[in-house]
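Structure below is start22.pdb: PDB, C-alpha atoms and all ligand atoms.
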ATOM      1  CA  MET A   1      -1.873 120.456 204.984  1.00  0.00           C
ATOM      2  CA  SER A   2      -4.511 119.305 207.463  1.00  0.00           C
ATOM      3  CA  ASN A   3      -2.661 116.097 208.250  1.00  0.00           C
ATOM      4  CA  PRO A   4       0.016 117.037 210.821  1.00  0.00           C
ATOM      5  CA  VAL A   5       2.209 114.106 209.714  1.00  0.00           C
ATOM      6  CA  ASP A   6       2.456 115.761 206.302  1.00  0.00           C
ATOM      7  CA  ARG A   7       3.490 119.105 207.738  1.00  0.00           C
ATOM      8  CA  LEU A   8       7.282 119.245 207.822  1.00  0.00           C
ATOM      9  CA  VAL A   9       7.642 122.855 208.852  1.00  0.00           C
ATOM     10  CA  ALA A  10       5.438 124.876 211.190  1.00  0.00           C
ATOM     11  CA  VAL A  11       6.741 128.304 212.155  1.00  0.00           C
ATOM     12  CA  ARG A  12       4.569 130.439 214.410  1.00  0.00           C
ATOM     13  CA  ASP A  13       5.074 134.134 215.114  1.00  0.00           C
ATOM     14  CA  VAL A  14       8.863 133.991 215.002  1.00  0.00           C
ATOM     15  CA  TRP A  15      10.890 137.096 215.792  1.00  0.00           C
ATOM     16  CA  LYS A  16      14.625 137.548 215.405  1.00  0.00           C
ATOM     17  CA  ALA A  17      16.825 140.623 215.851  1.00  0.00           C
ATOM     18  CA  TYR A  18      20.596 141.052 215.951  1.00  0.00           C
ATOM     19  CA  ASP A  19      22.898 143.458 217.683  1.00  0.00           C
ATOM     20  CA  GLY A  20      20.932 143.681 220.920  1.00  0.00           C
ATOM     21  CA  GLY A  21      17.688 144.349 219.063  1.00  0.00           C
ATOM     22  CA  ARG A  22      19.044 147.138 216.872  1.00  0.00           C
ATOM     23  CA  ILE A  23      18.795 145.071 213.653  1.00  0.00           C
ATOM     24  CA  ALA A  24      15.247 143.700 213.473  1.00  0.00           C
ATOM     25  CA  VAL A  25      15.241 140.933 210.854  1.00  0.00           C
ATOM     26  CA  LEU A  26      12.160 138.723 211.339  1.00  0.00           C
ATOM     27  CA  GLU A  27       9.056 140.291 212.843  1.00  0.00           C
ATOM     28  CA  GLY A  28       6.293 137.768 213.346  1.00  0.00           C
ATOM     29  CA  VAL A  29       6.991 135.163 210.659  1.00  0.00           C
ATOM     30  CA  ASN A  30       4.642 132.227 210.001  1.00  0.00           C
ATOM     31  CA  LEU A  31       5.422 129.394 207.617  1.00  0.00           C
ATOM     32  CA  ASP A  32       4.020 125.957 206.812  1.00  0.00           C
ATOM     33  CA  VAL A  33       5.650 123.512 204.452  1.00  0.00           C
ATOM     34  CA  ALA A  34       4.103 120.187 203.475  1.00  0.00           C
ATOM     35  CA  ALA A  35       5.934 116.995 202.521  1.00  0.00           C
ATOM     36  CA  GLY A  36       7.246 117.120 198.968  1.00  0.00           C
ATOM     37  CA  GLU A  37       6.622 120.839 198.595  1.00  0.00           C
ATOM     38  CA  MET A  38       9.258 123.171 197.132  1.00  0.00           C
ATOM     39  CA  VAL A  39       8.977 126.652 198.623  1.00  0.00           C
ATOM     40  CA  ALA A  40      11.033 129.688 197.642  1.00  0.00           C
ATOM     41  CA  LEU A  41      12.014 132.385 200.095  1.00  0.00           C
ATOM     42  CA  TRP A  42      12.488 135.271 197.708  1.00  0.00           C
ATOM     43  CA  GLY A  43      13.795 138.625 198.812  1.00  0.00           C
ATOM     44  CA  ALA A  44      16.479 141.255 198.554  1.00  0.00           C
ATOM     45  CA  SER A  45      19.895 140.922 200.109  1.00  0.00           C
ATOM     46  CA  GLY A  46      19.596 141.440 203.846  1.00  0.00           C
ATOM     47  CA  SER A  47      15.852 140.679 203.971  1.00  0.00           C
ATOM     48  CA  GLY A  48      16.333 137.724 206.324  1.00  0.00           C
ATOM     49  CA  LYS A  49      16.281 134.614 204.097  1.00  0.00           C
ATOM     50  CA  SER A  50      19.428 133.067 205.588  1.00  0.00           C
ATOM     51  CA  THR A  51      18.308 134.025 209.075  1.00  0.00           C
ATOM     52  CA  LEU A  52      15.088 132.042 208.657  1.00  0.00           C
ATOM     53  CA  LEU A  53      16.894 129.019 207.181  1.00  0.00           C
ATOM     54  CA  HIS A  54      19.367 129.094 210.063  1.00  0.00           C
ATOM     55  CA  LEU A  55      16.496 129.061 212.554  1.00  0.00           C
ATOM     56  CA  LEU A  56      14.880 126.106 210.738  1.00  0.00           C
ATOM     57  CA  GLY A  57      18.170 124.204 210.831  1.00  0.00           C
ATOM     58  CA  GLY A  58      18.860 124.979 214.479  1.00  0.00           C
ATOM     59  CA  LEU A  59      21.953 127.026 213.619  1.00  0.00           C
ATOM     60  CA  ASP A  60      20.493 129.954 215.546  1.00  0.00           C
ATOM     61  CA  ALA A  61      17.569 130.473 217.963  1.00  0.00           C
ATOM     62  CA  PRO A  62      14.593 132.853 217.656  1.00  0.00           C
ATOM     63  CA  ASP A  63      13.971 135.653 220.156  1.00  0.00           C
ATOM     64  CA  ARG A  64      10.291 134.735 220.259  1.00  0.00           C
ATOM     65  CA  GLY A  65       7.887 132.281 218.673  1.00  0.00           C
ATOM     66  CA  THR A  66       7.965 128.553 217.972  1.00  0.00           C
ATOM     67  CA  LEU A  67       9.382 126.306 215.277  1.00  0.00           C
ATOM     68  CA  ARG A  68       8.548 122.676 214.544  1.00  0.00           C
ATOM     69  CA  VAL A  69      10.646 120.955 211.896  1.00  0.00           C
ATOM     70  CA  CYS A  70       9.859 117.335 211.004  1.00  0.00           C
ATOM     71  CA  GLY A  71       7.931 117.221 214.274  1.00  0.00           C
ATOM     72  CA  LEU A  72      10.966 118.312 216.298  1.00  0.00           C
ATOM     73  CA  ASP A  73      12.063 121.529 217.985  1.00  0.00           C
ATOM     74  CA  PRO A  74      15.329 122.825 216.456  1.00  0.00           C
ATOM     75  CA  VAL A  75      15.913 124.991 219.534  1.00  0.00           C
ATOM     76  CA  ALA A  76      16.151 121.952 221.854  1.00  0.00           C
ATOM     77  CA  GLU A  77      19.589 120.347 221.705  1.00  0.00           C
ATOM     78  CA  ALA A  78      18.473 116.715 221.704  1.00  0.00           C
ATOM     79  CA  ASP A  79      15.919 117.345 218.933  1.00  0.00           C
ATOM     80  CA  ARG A  80      18.425 119.388 216.972  1.00  0.00           C
ATOM     81  CA  LEU A  81      20.921 116.511 216.846  1.00  0.00           C
ATOM     82  CA  VAL A  82      18.303 114.080 215.566  1.00  0.00           C
ATOM     83  CA  LEU A  83      17.081 116.641 213.041  1.00  0.00           C
ATOM     84  CA  ARG A  84      20.531 117.257 211.626  1.00  0.00           C
ATOM     85  CA  ARG A  85      21.534 113.620 211.509  1.00  0.00           C
ATOM     86  CA  ARG A  86      18.331 112.080 210.275  1.00  0.00           C
ATOM     87  CA  HIS A  87      15.849 114.508 208.782  1.00  0.00           C
ATOM     88  CA  LEU A  88      17.549 117.603 207.399  1.00  0.00           C
ATOM     89  CA  GLY A  89      19.941 118.372 204.597  1.00  0.00           C
ATOM     90  CA  PHE A  90      21.519 121.821 204.331  1.00  0.00           C
ATOM     91  CA  VAL A  91      22.979 123.222 201.104  1.00  0.00           C
ATOM     92  CA  PHE A  92      24.948 126.380 201.863  1.00  0.00           C
ATOM     93  CA  GLN A  93      25.505 129.315 199.553  1.00  0.00           C
ATOM     94  CA  LEU A  94      29.260 128.739 199.572  1.00  0.00           C
ATOM     95  CA  HIS A  95      28.929 124.944 199.746  1.00  0.00           C
ATOM     96  CA  ASN A  96      31.045 124.563 202.977  1.00  0.00           C
ATOM     97  CA  LEU A  97      32.795 121.433 201.745  1.00  0.00           C
ATOM     98  CA  ILE A  98      36.210 120.475 203.135  1.00  0.00           C
ATOM     99  CA  PRO A  99      38.608 121.641 200.393  1.00  0.00           C
ATOM    100  CA  ASP A 100      41.513 119.273 201.151  1.00  0.00           C
ATOM    101  CA  LEU A 101      39.326 116.176 201.058  1.00  0.00           C
ATOM    102  CA  THR A 102      38.109 114.408 197.942  1.00  0.00           C
ATOM    103  CA  VAL A 103      34.476 114.368 196.840  1.00  0.00           C
ATOM    104  CA  ALA A 104      34.074 110.808 198.185  1.00  0.00           C
ATOM    105  CA  GLU A 105      35.638 111.762 201.528  1.00  0.00           C
ATOM    106  CA  ASN A 106      33.325 114.755 201.885  1.00  0.00           C
ATOM    107  CA  LEU A 107      30.347 112.515 201.203  1.00  0.00           C
ATOM    108  CA  ARG A 108      31.492 110.149 203.940  1.00  0.00           C
ATOM    109  CA  VAL A 109      31.094 112.814 206.636  1.00  0.00           C
ATOM    110  CA  PRO A 110      27.271 112.662 207.169  1.00  0.00           C
ATOM    111  CA  GLY A 111      27.395 108.871 207.564  1.00  0.00           C
ATOM    112  CA  LEU A 112      30.075 109.127 210.251  1.00  0.00           C
ATOM    113  CA  ALA A 113      27.634 111.058 212.430  1.00  0.00           C
ATOM    114  CA  THR A 114      24.978 108.358 212.135  1.00  0.00           C
ATOM    115  CA  GLY A 115      27.284 105.331 212.314  1.00  0.00           C
ATOM    116  CA  GLU A 116      26.243 104.211 208.843  1.00  0.00           C
ATOM    117  CA  PRO A 117      28.069 101.031 207.698  1.00  0.00           C
ATOM    118  CA  PRO A 118      30.843 102.072 205.254  1.00  0.00           C
ATOM    119  CA  ALA A 119      29.518  99.769 202.537  1.00  0.00           C
ATOM    120  CA  ARG A 120      26.150 101.535 202.615  1.00  0.00           C
ATOM    121  CA  THR A 121      27.825 104.933 202.538  1.00  0.00           C
ATOM    122  CA  ALA A 122      29.855 103.832 199.518  1.00  0.00           C
ATOM    123  CA  ALA A 123      26.743 102.588 197.728  1.00  0.00           C
ATOM    124  CA  ARG A 124      24.846 105.795 198.442  1.00  0.00           C
ATOM    125  CA  THR A 125      27.841 107.870 197.304  1.00  0.00           C
ATOM    126  CA  ALA A 126      27.990 106.039 194.000  1.00  0.00           C
ATOM    127  CA  GLU A 127      24.227 106.335 193.500  1.00  0.00           C
ATOM    128  CA  LEU A 128      24.043 110.084 194.187  1.00  0.00           C
ATOM    129  CA  ALA A 129      27.252 110.947 192.339  1.00  0.00           C
ATOM    130  CA  ALA A 130      25.903 109.215 189.245  1.00  0.00           C
ATOM    131  CA  GLN A 131      22.595 111.070 189.542  1.00  0.00           C
ATOM    132  CA  VAL A 132      24.242 114.496 189.657  1.00  0.00           C
ATOM    133  CA  GLY A 133      26.950 113.716 187.116  1.00  0.00           C
ATOM    134  CA  ILE A 134      30.071 113.792 189.298  1.00  0.00           C
ATOM    135  CA  ALA A 135      30.846 110.060 189.431  1.00  0.00           C
ATOM    136  CA  HIS A 136      34.068 110.650 187.492  1.00  0.00           C
ATOM    137  CA  ARG A 137      35.163 113.222 190.096  1.00  0.00           C
ATOM    138  CA  LEU A 138      34.821 111.179 193.298  1.00  0.00           C
ATOM    139  CA  GLY A 139      38.587 110.821 193.792  1.00  0.00           C
ATOM    140  CA  HIS A 140      39.337 114.500 193.177  1.00  0.00           C
ATOM    141  CA  ARG A 141      39.825 117.081 195.881  1.00  0.00           C
ATOM    142  CA  ILE A 142      37.176 119.800 196.235  1.00  0.00           C
ATOM    143  CA  GLN A 143      39.736 122.540 195.603  1.00  0.00           C
ATOM    144  CA  ASP A 144      40.306 121.133 192.102  1.00  0.00           C
ATOM    145  CA  LEU A 145      36.615 121.156 191.101  1.00  0.00           C
ATOM    146  CA  SER A 146      34.622 123.778 189.213  1.00  0.00           C
ATOM    147  CA  GLY A 147      31.954 125.805 191.026  1.00  0.00           C
ATOM    148  CA  GLY A 148      29.162 123.706 189.524  1.00  0.00           C
ATOM    149  CA  GLU A 149      30.845 120.464 190.527  1.00  0.00           C
ATOM    150  CA  ARG A 150      31.335 121.744 194.066  1.00  0.00           C
ATOM    151  CA  GLN A 151      27.682 122.688 194.335  1.00  0.00           C
ATOM    152  CA  ARG A 152      26.630 119.272 192.958  1.00  0.00           C
ATOM    153  CA  THR A 153      28.833 117.685 195.623  1.00  0.00           C
ATOM    154  CA  ALA A 154      27.193 119.871 198.275  1.00  0.00           C
ATOM    155  CA  ILE A 155      23.763 118.690 197.116  1.00  0.00           C
ATOM    156  CA  CYS A 156      24.933 115.069 197.324  1.00  0.00           C
ATOM    157  CA  ARG A 157      26.273 115.637 200.827  1.00  0.00           C
ATOM    158  CA  ALA A 158      22.952 117.124 201.915  1.00  0.00           C
ATOM    159  CA  LEU A 159      21.105 114.095 200.517  1.00  0.00           C
ATOM    160  CA  MET A 160      23.412 111.369 201.867  1.00  0.00           C
ATOM    161  CA  ASN A 161      21.272 110.611 204.924  1.00  0.00           C
ATOM    162  CA  ARG A 162      18.002 110.624 202.939  1.00  0.00           C
ATOM    163  CA  PRO A 163      16.483 113.767 204.497  1.00  0.00           C
ATOM    164  CA  ARG A 164      12.788 114.585 204.329  1.00  0.00           C
ATOM    165  CA  LEU A 165      13.561 118.289 204.219  1.00  0.00           C
ATOM    166  CA  LEU A 166      16.265 120.150 202.368  1.00  0.00           C
ATOM    167  CA  LEU A 167      17.205 123.711 203.313  1.00  0.00           C
ATOM    168  CA  ALA A 168      19.006 125.363 200.405  1.00  0.00           C
ATOM    169  CA  ASP A 169      20.530 128.806 200.893  1.00  0.00           C
ATOM    170  CA  GLU A 170      21.172 130.396 197.478  1.00  0.00           C
ATOM    171  CA  PRO A 171      22.495 127.094 196.119  1.00  0.00           C
ATOM    172  CA  THR A 172      23.056 128.751 192.739  1.00  0.00           C
ATOM    173  CA  GLY A 173      24.397 132.023 194.122  1.00  0.00           C
ATOM    174  CA  SER A 174      28.058 131.444 193.283  1.00  0.00           C
ATOM    175  CA  LEU A 175      27.448 129.951 189.823  1.00  0.00           C
ATOM    176  CA  ASP A 176      27.226 131.375 186.318  1.00  0.00           C
ATOM    177  CA  GLU A 177      23.790 131.498 184.719  1.00  0.00           C
ATOM    178  CA  ARG A 178      23.953 128.240 182.798  1.00  0.00           C
ATOM    179  CA  THR A 179      25.509 126.228 185.637  1.00  0.00           C
ATOM    180  CA  GLY A 180      23.052 127.793 188.070  1.00  0.00           C
ATOM    181  CA  GLU A 181      20.144 126.634 185.966  1.00  0.00           C
ATOM    182  CA  ALA A 182      21.546 123.113 185.721  1.00  0.00           C
ATOM    183  CA  VAL A 183      22.047 122.903 189.498  1.00  0.00           C
ATOM    184  CA  PHE A 184      18.581 124.295 190.223  1.00  0.00           C
ATOM    185  CA  GLY A 185      16.997 121.880 187.722  1.00  0.00           C
ATOM    186  CA  LEU A 186      18.774 118.986 189.362  1.00  0.00           C
ATOM    187  CA  LEU A 187      17.644 120.009 192.832  1.00  0.00           C
ATOM    188  CA  LYS A 188      14.046 120.243 191.681  1.00  0.00           C
ATOM    189  CA  GLU A 189      14.176 116.913 189.880  1.00  0.00           C
ATOM    190  CA  LEU A 190      15.580 115.096 192.922  1.00  0.00           C
ATOM    191  CA  ALA A 191      13.107 116.776 195.247  1.00  0.00           C
ATOM    192  CA  VAL A 192      10.071 115.932 193.143  1.00  0.00           C
ATOM    193  CA  ARG A 193      11.190 112.370 192.464  1.00  0.00           C
ATOM    194  CA  ASP A 194      11.925 111.504 196.103  1.00  0.00           C
ATOM    195  CA  ARG A 195       9.203 113.768 197.557  1.00  0.00           C
ATOM    196  CA  ILE A 196      11.706 115.786 199.550  1.00  0.00           C
ATOM    197  CA  ALA A 197      10.420 119.120 200.800  1.00  0.00           C
ATOM    198  CA  VAL A 198      12.705 122.029 199.932  1.00  0.00           C
ATOM    199  CA  VAL A 199      12.913 125.509 201.387  1.00  0.00           C
ATOM    200  CA  LEU A 200      15.098 127.463 199.013  1.00  0.00           C
ATOM    201  CA  ALA A 201      16.398 130.985 199.561  1.00  0.00           C
ATOM    202  CA  THR A 202      17.004 132.967 196.412  1.00  0.00           C
ATOM    203  CA  HIS A 203      16.983 136.533 195.183  1.00  0.00           C
ATOM    204  CA  GLU A 204      16.518 135.355 191.597  1.00  0.00           C
ATOM    205  CA  ARG A 205      12.954 135.577 190.443  1.00  0.00           C
ATOM    206  CA  ARG A 206      13.221 132.888 187.755  1.00  0.00           C
ATOM    207  CA  PHE A 207      14.284 130.286 190.321  1.00  0.00           C
ATOM    208  CA  ALA A 208      11.647 131.410 192.797  1.00  0.00           C
ATOM    209  CA  GLU A 209       8.928 131.130 190.157  1.00  0.00           C
ATOM    210  CA  ALA A 210      10.009 127.590 189.280  1.00  0.00           C
ATOM    211  CA  CYS A 211       9.168 126.451 192.847  1.00  0.00           C
ATOM    212  CA  HIS A 212       5.679 125.326 193.909  1.00  0.00           C
ATOM    213  CA  ARG A 213       5.171 128.378 196.076  1.00  0.00           C
ATOM    214  CA  VAL A 214       6.903 131.745 196.385  1.00  0.00           C
ATOM    215  CA  LEU A 215       7.079 133.646 199.657  1.00  0.00           C
ATOM    216  CA  ARG A 216       8.350 137.184 199.463  1.00  0.00           C
ATOM    217  CA  VAL A 217      10.590 138.120 202.389  1.00  0.00           C
ATOM    218  CA  ARG A 218      10.217 141.815 203.102  1.00  0.00           C
ATOM    219  CA  GLU A 219      10.189 144.076 206.136  1.00  0.00           C
ATOM    220  CA  GLY A 220      10.481 141.153 208.502  1.00  0.00           C
ATOM    221  CA  ARG A 221       7.486 139.248 207.140  1.00  0.00           C
ATOM    222  CA  LEU A 222       6.606 136.593 204.568  1.00  0.00           C
ATOM    223  CA  ALA A 223       3.911 137.171 201.976  1.00  0.00           C
ATOM    224  CA  GLU A 224       2.561 134.743 199.356  1.00  0.00           C
ATOM    225  CA  VAL A 225       3.294 135.954 195.831  1.00  0.00           C
TER     226      VAL A 225
HETATM  227  N1  LIG B 301      25.079 137.329 213.241  1.00  0.00           N
HETATM  228  C1  LIG B 301      24.629 138.518 212.860  1.00  0.00           C
HETATM  229  N2  LIG B 301      24.923 139.642 213.562  1.00  0.00           N
HETATM  230  C2  LIG B 301      24.441 140.849 213.187  1.00  0.00           C
HETATM  231  N3  LIG B 301      23.657 141.039 212.124  1.00  0.00           N
HETATM  232  C3  LIG B 301      23.334 139.975 211.383  1.00  0.00           C
HETATM  233  C4  LIG B 301      23.794 138.662 211.701  1.00  0.00           C
HETATM  234  N4  LIG B 301      23.309 137.791 210.792  1.00  0.00           N
HETATM  235  C5  LIG B 301      22.578 138.539 209.941  1.00  0.00           C
HETATM  236  N5  LIG B 301      22.580 139.835 210.302  1.00  0.00           N
HETATM  237  C6  LIG B 301      21.863 140.926 209.614  1.00  0.00           C
HETATM  238  O1  LIG B 301      20.521 140.530 209.468  1.00  0.00           O
HETATM  239  C7  LIG B 301      19.986 140.946 208.211  1.00  0.00           C
HETATM  240  C8  LIG B 301      19.452 139.747 207.467  1.00  0.00           C
HETATM  241  O2  LIG B 301      20.544 138.918 207.086  1.00  0.00           O
HETATM  242  P1  LIG B 301      20.350 137.589 206.244  1.00  0.00           P
HETATM  243  O3  LIG B 301      21.705 137.001 206.118  1.00  0.00           O
HETATM  244  O4  LIG B 301      19.292 136.761 206.837  1.00  0.00           O
HETATM  245  O5  LIG B 301      19.831 138.174 204.846  1.00  0.00           O
HETATM  246  P2  LIG B 301      19.614 137.430 203.468  1.00  0.00           P
HETATM  247  O6  LIG B 301      18.219 137.708 203.033  1.00  0.00           O
HETATM  248  O7  LIG B 301      20.037 136.018 203.577  1.00  0.00           O
HETATM  249  O8  LIG B 301      20.621 138.229 202.508  1.00  0.00           O
HETATM  250  P3  LIG B 301      21.511 137.699 201.264  1.00  0.00           P
HETATM  251  O9  LIG B 301      20.579 137.637 200.081  1.00  0.00           O
HETATM  252  O10 LIG B 301      22.541 138.789 201.085  1.00  0.00           O
HETATM  253  O11 LIG B 301      22.130 136.390 201.612  1.00  0.00           O
HETATM  254  C9  LIG B 301      21.135 141.673 207.511  1.00  0.00           C
HETATM  255  O12 LIG B 301      20.957 143.047 207.723  1.00  0.00           O
HETATM  256  C10 LIG B 301      22.365 141.169 208.212  1.00  0.00           C
HETATM  257  O13 LIG B 301      23.386 142.127 208.188  1.00  0.00           O
HETATM  258 MG    MG B 302      21.579 134.916 202.710  1.00  0.00          MG
END
Can you dump the structure from the file as structure tokens?
Ligand SMILES: Nc1ncnc2c1ncn2[C@@H]1O[C@H](COP(=O)(O)OP(=O)(O)OP(=O)(O)O)[C@@H](O)[C@H]1O
Ligand SMILES: [Mg+2]
Amino acid sequence: MSNPVDRLVAVRDVWKAYDGGRIAVLEGVNLDVAAGEMVALWGASGSGKSTLLHLLGGLDAPDRGTLRVCGLDPVAEADRLVLRRRHLGFVFQLHNLIPDLTVAENLRVPGLATGEPPARTAARTAELAAQVGIAHRLGHRIQDLSGGERQRTAICRALMNRPRLLLADEPTGSLDERTGEAVFGLLKELAVRDRIAVVLATHERRFAEACHRVLRVREGRLAEV
């Protein structure tokens, strides 16, 4: 962790409240994540896991404190654009895919933002779809897929631009136990193989414990478990 190049996330004394300060969510949070590390944010519903992931991804801004993500500041607009296009992948709890489009069309979206040549997008699509076992589904619309297939597609979409950091918000939350385990196992395998750092929010202890490090989110703070 001493090498700053290896530190993908540095959060310092971050505070966040909603509703004009009435709902205090994060109260002085600190977090460091190194390259290739898989860290679980583990806590009860409403503890602030999504809030912290949203701050890391520049989807919301803190009230106080500083964030550095892949050496950039997610609060600054110019940095945020580069982060989202080049360095970050986000897997949402409810996958956020475009239901009317096919799997292949959904996977084309990240490359449009970066001006990736279509041939390279197609090659990357084929590569990732094969890795997660949805190659036979590329021409199907999202609305016709099972929950597990949708979540595999969401993981592919997050990985299309070869991010260094993946933010995963309850990626198994909408899945049955067996499918959830398969999706989690896949995420871990890809992360370890390609040395992608992952910050994963979960309320399920078994998934948290399968990460390299578990941080309990409680009463506005993070604590190592
Ligand atoms: N935009 C918002 N406006 C008001 N309150 C909010 C907003 N976003 C989150 N909150 C509140 O902040 C608290 C933390 O929410 P957050 O979504 O971060 O929890 P979580 O740990 O992700 O929970 P879950 O496990 O249910 O997804 C909750 O009490 C929630 O109601
Ligand atoms: Mg949440």
Residues at most 10 Å from Asn30 of chain A, counting only C-alpha atoms, excluding those fewer than 2 positions away in the same chain, as an MDAnalysis selection string? chainID A and resid 9:15 27:28 32 65:67 221:223
Could you name the residues that touch Ala61 of chain A at 9 Å or less, counting only C-alpha atoms, but leaving out those on the same chain fewer than 5 positions away, as number ranges by chain? A: 16, 54-56, 74-75
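Nearest to ligand MG 302 (chain B) of all the residues A:Ala191, A:Ala154, A:Leu97, A:Leu41 is A:Leu41, based on all atoms listed in the file.
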Write out as an NGL selection string each polymer residue (protein, DNA or RNA) that has an atom no more than 7 Å from ligand MG 302 (chain B), with only C-alpha atoms and all ligand atoms counted. :A and (45-46 or 48-50 or 169-170)
May I ask you to write as a VMD selection string all residues lying at most 12 Å from ligand LIG 301 (chain B), with only C-alpha atoms and all ligand atoms counted? chain A and resid 16 to 27 41 to 55 59 to 61 92 to 94 168 to 174 200 to 204 216 to 222
Atom pair atom CA of Gly147 of chain A / atom CA of Ile98 of chain A: separation (Å):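 Between atom CA of Gly147 of chain A and atom CA of Ile98 of chain A the gap is 13.9 Å.
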From the set A:Val103, A:Leu159, A:Leu166, A:Ile196, which residue has the shortest atom-to-atom contact distance to Ala135 of chain A, counting all atoms listed in the file?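 When distances to Ala135 of chain A are compared using all atoms listed in the file, the smallest one comes from A:Val103.
For the point (21.7, 113.9, 201.5), the residues with at least one atom inside 8 Å, counting all atoms listed in the file, are Gly89, Ile155, Cys156, Arg157, Ala158, Leu159, Met160, Asn161, Arg162 and Pro163 of chain A.
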Take the point (27.2, 109.4, 204.7) in the file's coordinates, draw a sphere of radius 6 Å around it, and report as a VMD selection string every protein, DNA or RNA residue with an atom inside or on it, counting all atoms listed in the file. chain A and resid 107 to 111 121 160
May I ask which of the residues A:Leu138, A:Ala182, A:Val82, A:Leu165 is the closest one to Val198 of chain A, counting only C-alpha atoms? A:Leu165
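For the pair atom CA of Arg7 of chain A and atom CA of Gly57 of chain A, the separation is 15.8 Å.
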Taking the structure I provided as the source, export segment 83-95 of chain A with N, CA and C atoms, as an mmCIF file, in the first residue's frame.
data_model
loop_
_atom_site.group_PDB
_atom_site.id
_atom_site.type_symbol
_atom_site.label_atom_id
_atom_site.label_comp_id
_atom_site.auth_asym_id
_atom_site.auth_seq_id
_atom_site.Cartn_x
_atom_site.Cartn_y
_atom_site.Cartn_z
ATOM 1 N N LEU A 83 -12.757 8.977 -15.411
ATOM 2 C CA LEU A 83 -12.915 7.819 -14.519
ATOM 3 C C LEU A 83 -13.937 6.844 -15.074
ATOM 4 N N ARG A 84 -15.105 7.378 -15.415
ATOM 5 C CA ARG A 84 -16.200 6.514 -15.855
ATOM 6 C C ARG A 84 -15.894 5.862 -17.195
ATOM 7 N N ARG A 85 -15.241 6.589 -18.067
ATOM 8 C CA ARG A 85 -14.987 6.028 -19.397
ATOM 9 C C ARG A 85 -13.826 5.064 -19.405
ATOM 10 N N ARG A 86 -12.826 5.346 -18.608
ATOM 11 C CA ARG A 86 -11.566 4.605 -18.745
ATOM 12 C C ARG A 86 -11.217 3.680 -17.588
ATOM 13 N N HIS A 87 -11.579 4.051 -16.377
ATOM 14 C CA HIS A 87 -10.990 3.348 -15.227
ATOM 15 C C HIS A 87 -11.954 2.543 -14.395
ATOM 16 N N LEU A 88 -13.253 2.883 -14.473
ATOM 17 C CA LEU A 88 -14.227 2.314 -13.543
ATOM 18 C C LEU A 88 -15.263 1.472 -14.245
ATOM 19 N N GLY A 89 -15.634 0.367 -13.612
ATOM 20 C CA GLY A 89 -16.821 -0.366 -14.045
ATOM 21 C C GLY A 89 -17.793 -0.388 -12.871
ATOM 22 N N PHE A 90 -19.088 -0.265 -13.162
ATOM 23 C CA PHE A 90 -20.080 -0.252 -12.091
ATOM 24 C C PHE A 90 -21.098 -1.347 -12.366
ATOM 25 N N VAL A 91 -21.253 -2.268 -11.406
ATOM 26 C CA VAL A 91 -22.292 -3.299 -11.511
ATOM 27 C C VAL A 91 -23.372 -2.942 -10.496
ATOM 28 N N PHE A 92 -24.562 -2.644 -10.979
ATOM 29 C CA PHE A 92 -25.640 -2.193 -10.099
ATOM 30 C C PHE A 92 -26.446 -3.377 -9.575
ATOM 31 N N GLN A 93 -27.097 -3.136 -8.447
ATOM 32 C CA GLN A 93 -27.908 -4.177 -7.824
ATOM 33 C C GLN A 93 -28.977 -4.686 -8.792
ATOM 34 N N LEU A 94 -29.622 -3.770 -9.494
ATOM 35 C CA LEU A 94 -30.675 -4.178 -10.427
ATOM 36 C C LEU A 94 -30.200 -4.036 -11.873
ATOM 37 N N HIS A 95 -28.991 -4.342 -12.090
ATOM 38 C CA HIS A 95 -28.254 -4.406 -13.364
ATOM 39 C C HIS A 95 -28.349 -3.195 -14.294
#
